[in-house]
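Here is entry_1.txt, consisting of compact mmCIF, C-alpha atoms:
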```txt
# COMPACT_ATOMS: atom_id res chain seq x y z
CA MET A 291 -159.82 11.26 -8.27
CA LEU A 292 -161.30 14.74 -8.25
CA ALA A 293 -158.93 17.65 -8.39
CA ARG A 294 -158.16 19.00 -4.98
CA GLN A 295 -159.26 22.48 -5.98
CA GLN A 296 -162.71 21.16 -6.72
CA LEU A 297 -162.90 19.47 -3.39
CA ALA A 298 -161.88 22.61 -1.51
CA GLY A 299 -165.40 23.87 -0.95
CA ARG A 300 -164.35 25.85 2.08
CA THR A 301 -163.28 29.31 1.07
CA THR A 302 -161.94 30.77 4.30
CA GLY A 303 -159.37 30.04 6.90
CA ARG A 304 -156.08 28.26 7.00
CA ARG A 305 -157.47 25.19 5.33
CA ALA A 306 -158.24 27.07 2.17
CA ALA A 307 -154.86 28.73 2.26
CA ALA A 308 -153.20 25.38 2.62
CA GLN A 309 -155.09 23.79 -0.20
CA SER A 310 -154.46 26.65 -2.53
CA ALA A 311 -150.80 26.74 -1.65
CA PHE A 312 -150.28 23.09 -2.32
CA SER A 313 -152.70 22.66 -5.14
CA ALA A 314 -150.32 20.30 -6.81
CA GLY A 315 -150.53 17.79 -4.02
CA HIS A 316 -152.51 16.70 -1.08
CA VAL A 317 -151.54 17.96 2.36
CA PRO A 318 -153.19 16.24 5.31
CA VAL A 319 -155.18 19.08 6.76
CA ARG A 320 -155.07 17.68 10.26
CA ARG A 321 -151.38 18.45 10.48
CA VAL A 322 -151.61 21.72 8.65
CA GLN A 323 -153.86 23.41 11.17
CA GLN A 324 -151.15 23.21 13.82
CA ARG A 325 -148.59 24.99 11.68
CA VAL A 326 -148.17 28.68 12.35
CA GLY A 327 -146.02 29.53 9.37
CA ARG A 328 -148.63 28.44 6.85
CA GLN A 329 -149.43 31.98 5.74
CA THR A 330 -145.87 32.77 4.74
CA CYS A 331 -145.65 29.59 2.71
CA THR A 332 -148.63 30.61 0.64
CA THR A 333 -146.83 33.40 -1.17
CA VAL A 334 -143.63 31.49 -1.75
CA CYS A 335 -145.26 28.40 -3.13
CA ALA A 336 -147.94 30.05 -5.20
CA ALA A 337 -148.48 27.92 -8.22
CA PRO A 338 -149.80 29.27 -11.51
CA ALA A 339 -153.32 28.29 -12.43
CA SER A 340 -152.18 26.17 -15.32
CA THR A 341 -150.66 23.51 -13.05
CA THR A 342 -152.15 20.12 -13.67
CA ILE A 343 -153.26 18.27 -10.60
CA ALA A 344 -151.60 14.91 -10.28
CA ALA A 345 -153.82 12.11 -9.09
CA GLU A 346 -151.42 10.77 -6.50
CA ASP A 347 -150.19 12.06 -3.22
CA LEU A 348 -147.01 13.69 -4.42
CA LEU A 349 -145.58 14.90 -1.17
CA ASN A 350 -145.98 11.71 0.80
CA ARG A 351 -144.97 8.95 -1.57
CA SER A 352 -141.38 8.07 -2.26
CA TYR A 353 -140.30 7.40 -5.77
CA TYR A 354 -140.83 3.89 -7.03
CA PRO A 355 -139.71 3.15 -10.57
CA SER A 356 -142.19 2.13 -13.19
CA ARG A 357 -141.50 -0.52 -15.76
CA ALA A 358 -140.72 2.21 -18.26
CA ASP A 359 -138.14 3.68 -15.92
CA ALA A 360 -136.42 0.32 -15.56
CA ALA A 361 -136.60 -0.61 -19.23
CA ASN A 362 -133.42 -1.95 -20.72
CA SER A 363 -133.67 0.35 -23.69
CA SER A 364 -133.23 3.40 -21.49
CA LYS A 365 -130.22 2.02 -19.62
CA ARG A 366 -126.85 3.64 -20.10
CA TRP A 367 -123.71 1.85 -21.11
CA TYR A 368 -120.31 2.43 -19.58
CA ILE A 369 -116.89 1.10 -20.45
CA ILE A 370 -113.87 0.51 -18.25
CA ASP A 371 -110.36 -0.15 -19.47
CA ALA A 372 -108.89 -2.70 -17.10
CA GLU A 373 -105.31 -2.32 -18.24
CA GLY A 374 -103.13 -1.75 -15.21
CA GLN A 375 -106.11 -1.23 -12.92
CA THR A 376 -106.40 -2.87 -9.54
CA LEU A 377 -108.91 -5.69 -9.66
CA GLY A 378 -110.96 -4.90 -6.58
CA ARG A 379 -111.21 -1.17 -7.20
CA LEU A 380 -112.33 -1.78 -10.76
CA ALA A 381 -114.86 -4.36 -9.66
CA THR A 382 -116.31 -2.01 -7.06
CA LEU A 383 -116.93 0.64 -9.67
CA ALA A 384 -118.47 -1.83 -12.08
CA ALA A 385 -120.71 -3.30 -9.41
CA THR A 386 -121.87 0.15 -8.30
CA TYR A 387 -122.94 1.06 -11.81
CA ILE A 388 -124.52 -2.30 -12.55
CA ARG A 389 -126.56 -2.15 -9.41
CA GLY A 390 -127.66 1.40 -10.06
CA LYS A 391 -126.25 2.91 -6.92
CA HIS A 392 -124.67 5.77 -8.85
CA GLN A 393 -128.05 7.32 -9.57
CA ALA A 394 -130.64 9.01 -7.39
CA THR A 395 -133.30 6.69 -8.83
CA TYR A 396 -131.67 3.70 -7.15
CA SER A 397 -134.20 1.10 -6.03
CA PRO A 398 -133.10 -2.16 -4.45
CA SER A 399 -136.03 -4.11 -5.78
CA MET A 400 -135.76 -3.08 -9.40
CA ASP A 401 -132.95 -3.20 -11.89
CA MET A 402 -132.17 0.50 -12.30
CA GLY A 403 -128.54 -0.05 -13.11
CA ALA A 404 -126.43 0.33 -16.19
CA TYR A 405 -124.50 -1.97 -18.47
CA VAL A 406 -120.75 -2.07 -17.96
CA VAL A 407 -118.24 -3.21 -20.56
CA VAL A 408 -114.76 -4.11 -19.38
CA ILE A 409 -111.97 -4.40 -21.90
CA ASN A 410 -108.36 -5.54 -21.56
CA ALA A 411 -109.45 -7.99 -18.90
CA ASP A 412 -106.25 -9.93 -19.34
CA LYS A 413 -104.21 -6.94 -18.16
CA VAL A 414 -105.89 -6.34 -14.82
CA THR A 415 -103.50 -6.36 -11.89
CA VAL A 416 -103.49 -7.25 -8.23
CA THR A 417 -100.96 -5.98 -5.77
CA GLY A 418 -98.47 -7.74 -3.57
CA ASN A 419 -97.93 -11.46 -3.93
CA LYS A 420 -101.50 -12.03 -5.05
CA PRO A 421 -100.65 -13.07 -8.64
CA ASN A 422 -99.15 -16.23 -7.16
CA ALA A 423 -101.10 -16.39 -3.92
CA LYS A 424 -104.71 -15.48 -4.75
CA THR A 425 -106.58 -18.69 -5.48
CA TYR A 426 -109.73 -19.42 -7.37
CA PHE A 427 -111.68 -22.49 -6.36
CA ARG A 428 -114.12 -24.29 -8.58
CA HIS A 429 -116.17 -27.43 -8.55
CA VAL A 430 -115.46 -29.58 -11.59
CA ASN A 431 -117.81 -32.50 -11.61
CA GLY A 432 -120.43 -32.08 -8.96
CA ARG A 433 -118.90 -35.04 -7.14
CA PRO A 434 -117.21 -34.85 -3.77
CA GLY A 435 -113.49 -34.41 -4.09
CA SER A 436 -113.79 -33.12 -7.63
CA TRP A 437 -112.50 -29.61 -7.28
CA LYS A 438 -109.63 -27.57 -8.63
CA ILE A 439 -107.75 -24.60 -7.35
CA GLU A 440 -105.76 -22.29 -9.56
CA THR A 441 -103.87 -19.11 -8.88
CA PHE A 442 -104.57 -15.69 -10.29
CA ASN A 443 -101.75 -16.06 -12.81
CA GLN A 444 -102.94 -19.45 -14.00
CA LEU A 445 -106.53 -18.31 -14.40
CA GLN A 446 -105.49 -15.15 -16.17
CA LYS A 447 -103.66 -17.26 -18.74
CA ARG A 448 -106.60 -19.61 -19.12
CA ILE A 449 -109.80 -17.54 -18.92
CA PRO A 450 -108.99 -13.91 -17.99
CA GLU A 451 -112.59 -12.75 -18.20
CA ARG A 452 -113.55 -14.98 -15.33
CA ILE A 453 -111.35 -13.06 -12.91
CA ILE A 454 -113.29 -9.85 -13.32
CA GLU A 455 -116.63 -11.61 -13.50
CA HIS A 456 -115.84 -13.43 -10.28
CA ALA A 457 -114.81 -10.23 -8.56
CA VAL A 458 -117.91 -8.32 -9.62
CA LYS A 459 -120.20 -11.23 -8.83
CA GLY A 460 -118.98 -11.16 -5.26
CA MET A 461 -119.93 -7.50 -5.00
CA LEU A 462 -123.41 -7.79 -6.40
CA PRO A 463 -126.38 -8.87 -4.29
CA LYS A 464 -127.06 -12.57 -4.12
CA GLY A 465 -130.57 -13.37 -5.17
CA ARG A 466 -132.85 -13.34 -8.14
CA LEU A 467 -132.11 -9.76 -9.03
CA GLY A 468 -128.39 -10.21 -8.40
CA ARG A 469 -128.23 -13.14 -10.74
CA ASP A 470 -130.03 -11.20 -13.45
CA ILE A 471 -127.86 -8.11 -13.28
CA ARG A 472 -124.67 -10.13 -13.41
CA LEU A 473 -125.42 -10.50 -17.08
CA HIS A 474 -125.13 -6.75 -17.48
CA LEU A 475 -121.38 -6.99 -17.07
CA LYS A 476 -119.62 -7.63 -20.37
CA VAL A 477 -115.97 -8.54 -20.07
CA TYR A 478 -113.59 -8.84 -22.99
CA LYS A 479 -110.00 -9.97 -23.25
CA GLY A 480 -108.52 -7.42 -25.60
CA THR A 481 -109.61 -4.00 -26.68
CA GLU A 482 -112.26 -5.17 -29.13
CA HIS A 483 -115.85 -5.27 -28.00
CA PRO A 484 -119.10 -5.54 -29.95
CA HIS A 485 -120.88 -2.71 -28.12
CA ASP A 486 -119.83 0.30 -30.17
CA ALA A 487 -123.44 0.88 -31.15
CA GLN A 488 -124.31 1.56 -27.52
CA GLN A 489 -121.63 4.27 -27.35
CA PRO A 490 -120.50 3.46 -23.85
CA THR A 491 -119.14 6.26 -21.70
CA ASN A 492 -115.62 5.75 -20.37
CA ILE A 493 -115.56 5.72 -16.59
CA THR A 494 -112.07 4.37 -16.07
CA SER A 495 -111.09 7.65 -14.44
CA HIS A 496 -113.70 7.07 -11.73
CA ILE A 497 -111.89 4.06 -10.35
CA SER A 498 -110.92 4.82 -6.77
CA LYS A 499 -107.29 5.19 -5.88
CA LYS A 500 -105.31 4.83 -2.73
CA PRO A 501 -104.77 8.12 -0.91
CA LYS A 502 -101.02 7.96 -1.52
CA ASP A 503 -101.63 7.54 -5.24
CA VAL A 504 -104.01 10.46 -5.22
CA ALA A 505 -101.41 12.60 -3.49
CA ALA A 506 -98.77 11.51 -5.99
CA LEU A 507 -101.04 12.49 -8.86
CA LYS A 508 -101.74 15.85 -7.29
CA GLN A 509 -98.05 16.61 -7.01
CA GLN A 510 -97.53 16.00 -10.71
CA MET B 141 -158.86 -19.49 21.29
CA GLY B 142 -157.19 -17.31 18.74
CA LEU B 143 -158.28 -15.51 15.65
CA HIS B 144 -161.82 -16.02 14.58
CA ARG B 145 -162.12 -18.49 11.75
CA ARG B 146 -163.63 -16.00 9.35
CA ARG B 147 -160.72 -13.67 9.90
CA VAL B 148 -158.24 -16.53 9.50
CA TRP B 149 -159.57 -17.33 6.06
CA GLU B 150 -159.34 -13.73 5.06
CA ILE B 151 -155.72 -13.52 6.06
CA ALA B 152 -154.67 -16.96 4.84
CA LYS B 153 -155.60 -16.36 1.21
CA GLY B 154 -152.76 -17.39 -1.03
CA PHE B 155 -150.82 -19.29 1.62
CA ARG B 156 -148.96 -22.41 0.68
CA GLY B 157 -150.37 -25.87 1.16
CA ARG B 158 -152.51 -26.69 4.15
CA ALA B 159 -151.99 -23.26 5.60
CA LYS B 160 -154.76 -21.94 3.43
CA ASN B 161 -157.19 -24.80 3.93
CA CYS B 162 -156.84 -26.38 7.35
CA ILE B 163 -157.91 -24.21 10.25
CA LYS B 164 -155.37 -25.40 12.78
CA ILE B 165 -152.46 -24.67 10.53
CA ALA B 166 -154.01 -21.64 8.91
CA ARG B 167 -154.67 -20.03 12.26
CA GLN B 168 -151.00 -20.37 13.24
CA GLN B 169 -149.80 -18.97 9.96
CA ALA B 170 -152.34 -16.17 10.00
CA GLU B 171 -151.23 -15.10 13.46
CA LYS B 172 -147.63 -15.23 12.31
CA ALA B 173 -148.52 -13.14 9.30
CA LEU B 174 -150.03 -10.48 11.53
CA GLN B 175 -146.93 -10.48 13.68
CA HIS B 176 -144.77 -10.05 10.61
CA ALA B 177 -146.99 -7.21 9.46
CA TYR B 178 -146.68 -5.48 12.83
CA LYS B 179 -142.91 -5.74 12.77
CA GLY B 180 -142.85 -4.76 9.12
CA ARG B 181 -144.78 -1.55 9.72
CA LYS B 182 -142.11 -0.51 12.19
CA ASP B 183 -139.22 -1.62 10.00
CA LYS B 184 -140.65 0.15 6.98
CA LYS B 185 -139.88 3.53 8.49
CA GLY B 186 -136.21 2.70 8.93
CA GLU B 187 -135.93 0.97 5.60
CA ASN B 188 -137.42 3.91 3.78
CA ARG B 189 -135.08 6.32 5.49
CA SER B 190 -132.15 4.12 4.57
CA LEU B 191 -133.29 4.13 0.95
CA TRP B 192 -133.61 7.92 0.93
CA ILE B 193 -130.11 8.22 2.32
CA GLN B 194 -128.71 5.95 -0.38
CA ARG B 195 -130.45 7.99 -3.03
CA VAL B 196 -129.23 11.30 -1.67
CA ASN B 197 -125.73 9.84 -1.42
CA ALA B 198 -125.81 8.78 -5.06
CA ALA B 199 -127.14 12.11 -6.22
CA ALA B 200 -124.67 14.10 -4.15
CA ARG B 201 -121.77 12.06 -5.44
CA GLU B 202 -122.91 12.81 -8.97
CA HIS B 203 -122.25 16.43 -8.07
CA GLY B 204 -118.96 15.71 -6.38
CA ILE B 205 -119.79 15.66 -2.70
CA LYS B 206 -120.29 12.85 -0.22
CA TYR B 207 -123.51 12.33 1.68
CA SER B 208 -121.89 12.96 5.04
CA LEU B 209 -120.40 16.29 4.03
CA PHE B 210 -123.57 17.27 2.18
CA MET B 211 -125.86 16.67 5.16
CA ASN B 212 -123.44 18.35 7.49
CA GLY B 213 -123.36 21.34 5.20
CA LEU B 214 -127.15 21.48 5.00
CA ARG B 215 -127.39 21.44 8.74
CA GLN B 216 -124.92 24.29 9.03
CA GLU B 217 -126.84 26.21 6.39
CA ASN B 218 -129.99 25.64 8.43
CA VAL B 219 -131.72 23.84 5.59
CA THR B 220 -134.24 21.59 7.29
CA LEU B 221 -135.18 19.51 4.28
CA ASN B 222 -135.60 15.94 5.34
CA ARG B 223 -134.10 12.97 3.59
CA LYS B 224 -137.33 12.02 1.90
CA MET B 225 -137.68 15.43 0.31
CA LEU B 226 -134.02 15.53 -0.63
CA SER B 227 -134.29 12.21 -2.41
CA GLU B 228 -137.45 13.36 -4.21
CA LEU B 229 -135.70 16.56 -5.23
CA ALA B 230 -132.75 14.61 -6.49
CA ILE B 231 -134.99 12.53 -8.70
CA PHE B 232 -137.57 15.03 -9.91
CA GLU B 233 -135.92 18.40 -9.39
CA PRO B 234 -132.27 17.82 -10.21
CA HIS B 235 -131.59 21.50 -10.70
CA SER B 236 -132.89 22.30 -7.24
CA PHE B 237 -130.81 19.53 -5.78
CA LYS B 238 -127.76 20.80 -7.60
CA ALA B 239 -128.43 24.25 -6.16
CA LEU B 240 -128.37 22.75 -2.67
CA VAL B 241 -125.11 20.97 -3.39
CA GLU B 242 -123.59 24.15 -4.74
CA GLN B 243 -124.73 26.03 -1.66
CA VAL B 244 -122.98 23.51 0.56
CA GLN B 245 -119.87 23.50 -1.59
CA TYR B 246 -119.74 27.28 -1.52
CA MET B 247 -120.13 27.26 2.24
CA ARG B 248 -117.30 24.79 2.57
CA GLY B 249 -115.12 26.68 0.17
CA LEU B 250 -115.16 23.94 -2.44
CA GLY B 251 -117.50 25.53 -4.92
CA GLY B 252 -116.87 28.28 -7.39
CA SER B 253 -119.14 31.28 -7.67
CA ARG B 254 -121.84 32.10 -5.21
CA PRO B 255 -124.88 29.97 -6.03
CA GLY B 256 -127.96 31.81 -7.22
CA SER B 257 -125.96 34.72 -8.59
CA SER B 258 -125.47 33.07 -11.96
CA SER B 259 -128.74 31.55 -13.06
CA SER B 260 -127.67 28.38 -14.81
CA SER B 261 -130.51 26.76 -16.69
CA SER B 262 -134.24 27.28 -16.86
CA SER B 263 -136.33 25.46 -14.34
CA SER B 264 -139.04 24.35 -16.68
CA SER B 265 -136.79 21.88 -18.36
CA SER B 266 -136.17 19.74 -15.32
CA SER B 267 -135.09 16.72 -17.25
CA SER B 268 -133.83 13.97 -15.04
CA SER B 269 -130.94 11.85 -16.16
CA SER B 270 -132.75 8.56 -15.85
CA SER B 271 -135.80 8.61 -18.06
CA SER B 272 -138.24 11.00 -19.62
CA SER B 273 -141.34 9.48 -18.08
CA VAL B 274 -140.11 10.57 -14.69
CA ALA B 275 -140.09 14.25 -15.64
CA LYS B 276 -143.81 14.39 -16.31
CA ARG B 277 -144.75 14.74 -12.69
CA ILE B 278 -145.17 18.37 -11.76
CA THR B 279 -144.22 19.38 -8.26
CA VAL B 280 -144.18 22.65 -6.45
CA GLY B 281 -140.47 23.19 -6.87
CA SER B 282 -140.43 22.91 -10.64
CA LEU B 283 -142.37 26.11 -11.07
CA GLU B 284 -139.83 28.36 -9.47
CA ALA B 285 -136.46 29.29 -10.87
CA GLY B 286 -132.97 29.10 -9.40
CA SER B 287 -132.71 30.12 -5.79
CA ASN B 288 -136.42 30.42 -5.22
CA SER B 289 -136.80 26.70 -5.65
CA SER B 290 -134.73 26.18 -2.53
CA SER B 291 -137.15 28.16 -0.41
CA SER B 292 -140.23 26.54 -1.91
CA SER B 293 -138.80 23.11 -1.47
CA LYS B 294 -137.86 24.14 2.05
CA ALA B 295 -141.53 24.81 2.71
CA ALA B 296 -142.47 21.51 1.14
CA GLY B 297 -139.90 19.75 3.23
CA SER B 298 -140.85 21.29 6.54
CA ILE B 299 -144.47 20.31 6.13
CA SER B 300 -143.64 16.66 6.17
CA SER B 301 -140.54 16.99 8.27
CA ASN B 302 -142.22 15.10 11.07
CA THR B 303 -142.05 12.01 8.93
CA ALA B 304 -138.28 12.26 8.52
```
Would you write the structure of this file as structure tokens?
Amino acid sequence: MLARQQLAGRTTGRRAAAQSAFSAGHVPVRRVQQRVGRQTCTTVCAAPASTTIAAEDLLNRSYYPSRADAANSSKRWYIIDAEGQTLGRLATLAATYIRGKHQATYSPSMDMGAYVVVINADKVTVTGNKPNAKTYFRHVNGRPGSWKIETFNQLQKRIPERIIEHAVKGMLPKGRLGRDIRLHLKVYKGTEHPHDAQQPTNITSHISKKPKDVAALKQQ
Amino acid sequence: MGLHRRRVWEIAKGFRGRAKNCIKIARQQAEKALQHAYKGRKDKKGENRSLWIQRVNAAAREHGIKYSLFMNGLRQENVTLNRKMLSELAIFEPHSFKALVEQVQYMRGLGGSRPGSSSSSSSSSSSSSSSSSVAKRITVGSLEAGSNSSSSSKAAGSISSNTA
């Protein structure tokens, strides 16, 4: 595409002013000619001559990530310590980061999220009577009638990682992309995890709290 | 009848099964495709706006303010940037976006010093947090420093404000 400055053969009038003012992008001239305040914009937005002209329509195209933007190697890693944390609130935070909704570059169709490591999964808590009342259902065999139900306590003794994985899975989108980004959650039972090389940032303090807990913390 | 056969074949390229080969079925599916496209063109406007709002929300929360309070603050400050421009600023001009957030926080009494008085960082290094390839695009706002970028982006926003 030719640079817009080259195409601006007309040298007079509002059209030239518009094209010189927005030399970095294309402005549909049809709309511009109705605007009265065009002249004042010219001085404010004056761009130096060394600006390169981008080939695309900068002002009228929303951001869509490229493959390089969504590359796994550029993704951040975060770590959450689940000890004493409420299950749902922790899972919400993890799901938000995995999905990429914490960043302005969020795109629903691409995986723009981060990796989240959860440690101390066996120490996550739920409130009320849920340790004995919250049930986890699973199919065993594929056959009718072949299912098992276990409580939160039982599952935490057996496979504690599954509790957090189950919670986060429910908060992620269901579909091809949702199934892929589920794998970006890494849950571990104790404090050891093999992701030290990724230097994950600790976001445990970002877990939401109940208003009364926030007020209690403020008083301290 | 319906769509002309030539047009049906044009539209039905890539359809599954008989819908791409047999005229009776292809014509039905082609007409349905056009209906979907019509509805989609209308939905696209709302979907895009929703995406911009989610992006602005995420960016604002990075700076410690919620979308609702941020937009309310912008309206009170008479900043007429539309959501599309705000989301583009948040991605490509993070310093400008931060200046807007600070302006709103100052107006609400949440922020610290008056924004613009202490020039924080240079504008030329508008490195976004996500990836370096994103920062290569040059926009109007990146050429101005500090508070000036708000006014230039204001101009950029009001030009396309009728697409908000």
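Considering the residues A:Thr382, A:Ser436, A:Gln510, A:Ser352 and counting all atoms listed in the file, B:Arg195 has its shortest atom-to-atom contact with A:Ser352.
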>> Taking only C-alpha atoms into account, name the residue in A:Tyr405, A:Pro421, A:Tyr396, A:His485 that is nearest to B:Ala230.
In response: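 Among the listed residues, A:Tyr396 lies closest to B:Ala230.
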>> As an exercise, work out the distance from atom CA of A:Gly480 to atom CA of A:Tyr426 in Å and give it to one decimal place.
In response: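 Going from atom CA of A:Gly480 over to atom CA of A:Tyr426, I get 21.9 Å.
Each of B:Ala170, B:Val219, B:Ala199, B:Cys162 was compared to chain A using only C-alpha atoms, and B:Ala199 turns out to be the nearest.
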> Which residue gives the smallest distance to chain B among A:Ala372, A:Tyr387, A:Thr395, A:Val407, with only C-alpha atoms counted?
Replying inline: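 Of A:Ala372, A:Tyr387, A:Thr395, A:Val407, the one nearest chain B is A:Thr395, counting only C-alpha atoms.
One distance worth recording is that between atom CA of B:Leu226 and atom CA of B:Met247, which is 18.4 Å.
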Close residues, A:Thr417 itself excluded, 12 Å, all atoms listed in the file, min 6 positions apart in chain, as a tab-separated table (two decimals) with C-alpha atoms, keeping the file's coordinate frame:
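The new file selection.tsv reads:
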```tsv
chain	number	residue	atom	x	y	z
A	374	GLY	CA	-103.13	-1.75	-15.21
A	375	GLN	CA	-106.11	-1.23	-12.92
A	376	THR	CA	-106.40	-2.87	-9.54
A	377	LEU	CA	-108.91	-5.69	-9.66
A	378	GLY	CA	-110.96	-4.90	-6.58
A	379	ARG	CA	-111.21	-1.17	-7.20
A	423	ALA	CA	-101.10	-16.39	-3.92
A	424	LYS	CA	-104.71	-15.48	-4.75
A	442	PHE	CA	-104.57	-15.69	-10.29
```
> atom CA of A:Ile497 and atom CA of A:Asn419, how far apart in Å?
Replying inline: 21.8 Å
> Which protein, DNA or RNA residues are at most 10 Å from (-111.0, 2.6, -15.4) in the file's coordinates when you count all atoms listed in the file, listed as a ChimeraX atom specification?
Replying inline: /A:369-376,379-381,383-384,408-409,492-498
Restrict the selected residues to C-alpha atoms and save them as a compact mmCIF listing (two decimals), keeping the file's coordinate frame.
```
# COMPACT_ATOMS: atom_id res chain seq x y z
CA ILE A 369 -116.89 1.10 -20.45
CA ILE A 370 -113.87 0.51 -18.25
CA ASP A 371 -110.36 -0.15 -19.47
CA ALA A 372 -108.89 -2.70 -17.10
CA GLU A 373 -105.31 -2.32 -18.24
CA GLY A 374 -103.13 -1.75 -15.21
CA GLN A 375 -106.11 -1.23 -12.92
CA THR A 376 -106.40 -2.87 -9.54
CA ARG A 379 -111.21 -1.17 -7.20
CA LEU A 380 -112.33 -1.78 -10.76
CA ALA A 381 -114.86 -4.36 -9.66
CA LEU A 383 -116.93 0.64 -9.67
CA ALA A 384 -118.47 -1.83 -12.08
CA VAL A 408 -114.76 -4.11 -19.38
CA ILE A 409 -111.97 -4.40 -21.90
CA ASN A 492 -115.62 5.75 -20.37
CA ILE A 493 -115.56 5.72 -16.59
CA THR A 494 -112.07 4.37 -16.07
CA SER A 495 -111.09 7.65 -14.44
CA HIS A 496 -113.70 7.07 -11.73
CA ILE A 497 -111.89 4.06 -10.35
CA SER A 498 -110.92 4.82 -6.77
```
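Among the candidates A:Ser364, A:Asn410, A:Asn350, A:Ser397, the residue lying nearest to A:Glu482 is A:Asn410 (atoms considered: all atoms listed in the file).
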> With all atoms listed in the file as the atoms that count, which of A:Arg428, A:His474, A:Arg452, A:His392 lies nearest to A:Val414?
Replying inline: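 For A:Val414, the nearest of the candidates is A:Arg452.
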Which residues come within 12 Å of B:Arg189, counting only C-alpha atoms, excluding same-chain residues fewer than 6 positions away, as an mmCIF file with C-alpha atoms, in the coordinates of the input?
```
data_model
loop_
_atom_site.group_PDB
_atom_site.id
_atom_site.type_symbol
_atom_site.label_atom_id
_atom_site.label_comp_id
_atom_site.auth_asym_id
_atom_site.auth_seq_id
_atom_site.Cartn_x
_atom_site.Cartn_y
_atom_site.Cartn_z
ATOM 1 C CA SER A 352 -141.380 8.070 -2.260
ATOM 2 C CA LYS B 182 -142.110 -0.510 12.190
ATOM 3 C CA ASP B 183 -139.220 -1.620 10.000
ATOM 4 C CA ARG B 195 -130.450 7.990 -3.030
ATOM 5 C CA VAL B 196 -129.230 11.300 -1.670
ATOM 6 C CA ASN B 222 -135.600 15.940 5.340
ATOM 7 C CA ARG B 223 -134.100 12.970 3.590
ATOM 8 C CA LYS B 224 -137.330 12.020 1.900
ATOM 9 C CA MET B 225 -137.680 15.430 0.310
ATOM 10 C CA LEU B 226 -134.020 15.530 -0.630
ATOM 11 C CA SER B 227 -134.290 12.210 -2.410
ATOM 12 C CA THR B 303 -142.050 12.010 8.930
ATOM 13 C CA ALA B 304 -138.280 12.260 8.520
#
```
>> With all atoms listed in the file as the counted atoms, please give the residues lying no more than 12 Å from stretch 201-207 of chain B, apart from itself and same-chain residues fewer than 2 positions off, as a PyMOL selection string.
In response: (chain A and resi 391-394+496) or (chain B and resi 192-199+209-214+223+226-227+230+234-235+237-246+248+250-251+269)
Write out, as an mmCIF file, in the frame of the given file, the residues just selected, with C-alpha atoms.
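Below you can see out.cif, which holds the result:
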```cif
data_model
loop_
_atom_site.group_PDB
_atom_site.id
_atom_site.type_symbol
_atom_site.label_atom_id
_atom_site.label_comp_id
_atom_site.auth_asym_id
_atom_site.auth_seq_id
_atom_site.Cartn_x
_atom_site.Cartn_y
_atom_site.Cartn_z
ATOM 1 C CA LYS A 391 -126.250 2.910 -6.920
ATOM 2 C CA HIS A 392 -124.670 5.770 -8.850
ATOM 3 C CA GLN A 393 -128.050 7.320 -9.570
ATOM 4 C CA ALA A 394 -130.640 9.010 -7.390
ATOM 5 C CA HIS A 496 -113.700 7.070 -11.730
ATOM 6 C CA TRP B 192 -133.610 7.920 0.930
ATOM 7 C CA ILE B 193 -130.110 8.220 2.320
ATOM 8 C CA GLN B 194 -128.710 5.950 -0.380
ATOM 9 C CA ARG B 195 -130.450 7.990 -3.030
ATOM 10 C CA VAL B 196 -129.230 11.300 -1.670
ATOM 11 C CA ASN B 197 -125.730 9.840 -1.420
ATOM 12 C CA ALA B 198 -125.810 8.780 -5.060
ATOM 13 C CA ALA B 199 -127.140 12.110 -6.220
ATOM 14 C CA LEU B 209 -120.400 16.290 4.030
ATOM 15 C CA PHE B 210 -123.570 17.270 2.180
ATOM 16 C CA MET B 211 -125.860 16.670 5.160
ATOM 17 C CA ASN B 212 -123.440 18.350 7.490
ATOM 18 C CA GLY B 213 -123.360 21.340 5.200
ATOM 19 C CA LEU B 214 -127.150 21.480 5.000
ATOM 20 C CA ARG B 223 -134.100 12.970 3.590
ATOM 21 C CA LEU B 226 -134.020 15.530 -0.630
ATOM 22 C CA SER B 227 -134.290 12.210 -2.410
ATOM 23 C CA ALA B 230 -132.750 14.610 -6.490
ATOM 24 C CA PRO B 234 -132.270 17.820 -10.210
ATOM 25 C CA HIS B 235 -131.590 21.500 -10.700
ATOM 26 C CA PHE B 237 -130.810 19.530 -5.780
ATOM 27 C CA LYS B 238 -127.760 20.800 -7.600
ATOM 28 C CA ALA B 239 -128.430 24.250 -6.160
ATOM 29 C CA LEU B 240 -128.370 22.750 -2.670
ATOM 30 C CA VAL B 241 -125.110 20.970 -3.390
ATOM 31 C CA GLU B 242 -123.590 24.150 -4.740
ATOM 32 C CA GLN B 243 -124.730 26.030 -1.660
ATOM 33 C CA VAL B 244 -122.980 23.510 0.560
ATOM 34 C CA GLN B 245 -119.870 23.500 -1.590
ATOM 35 C CA TYR B 246 -119.740 27.280 -1.520
ATOM 36 C CA ARG B 248 -117.300 24.790 2.570
ATOM 37 C CA LEU B 250 -115.160 23.940 -2.440
ATOM 38 C CA GLY B 251 -117.500 25.530 -4.920
ATOM 39 C CA SER B 269 -130.940 11.850 -16.160
#
```
>> Using all atoms listed in the file, list the residues that have an atom at most 8 Å from (-153.2, -19.5, 14.8), coordinates as in the file, as an MDAnalysis selection string.
In response: chainID B and resid 142:143 148 164:172
>> Can you tell me which residues surround B:Trp149 at a distance of at most 8 Å, considering only C-alpha atoms, apart from same-chain residues fewer than 4 positions away, and format the answer as a ChimeraX atom specification?
In response: /B:145,153,160,166
> Could you pull the residues within 12 Å of A:Pro398, counting only C-alpha atoms, minus those fewer than 2 positions along the same chain, as number ranges by chain?
Replying inline: A: 354-355, 360, 388-391, 393-396, 400-403, 462-463, 465-468, 471; B: 187-188, 190-192, 194-195
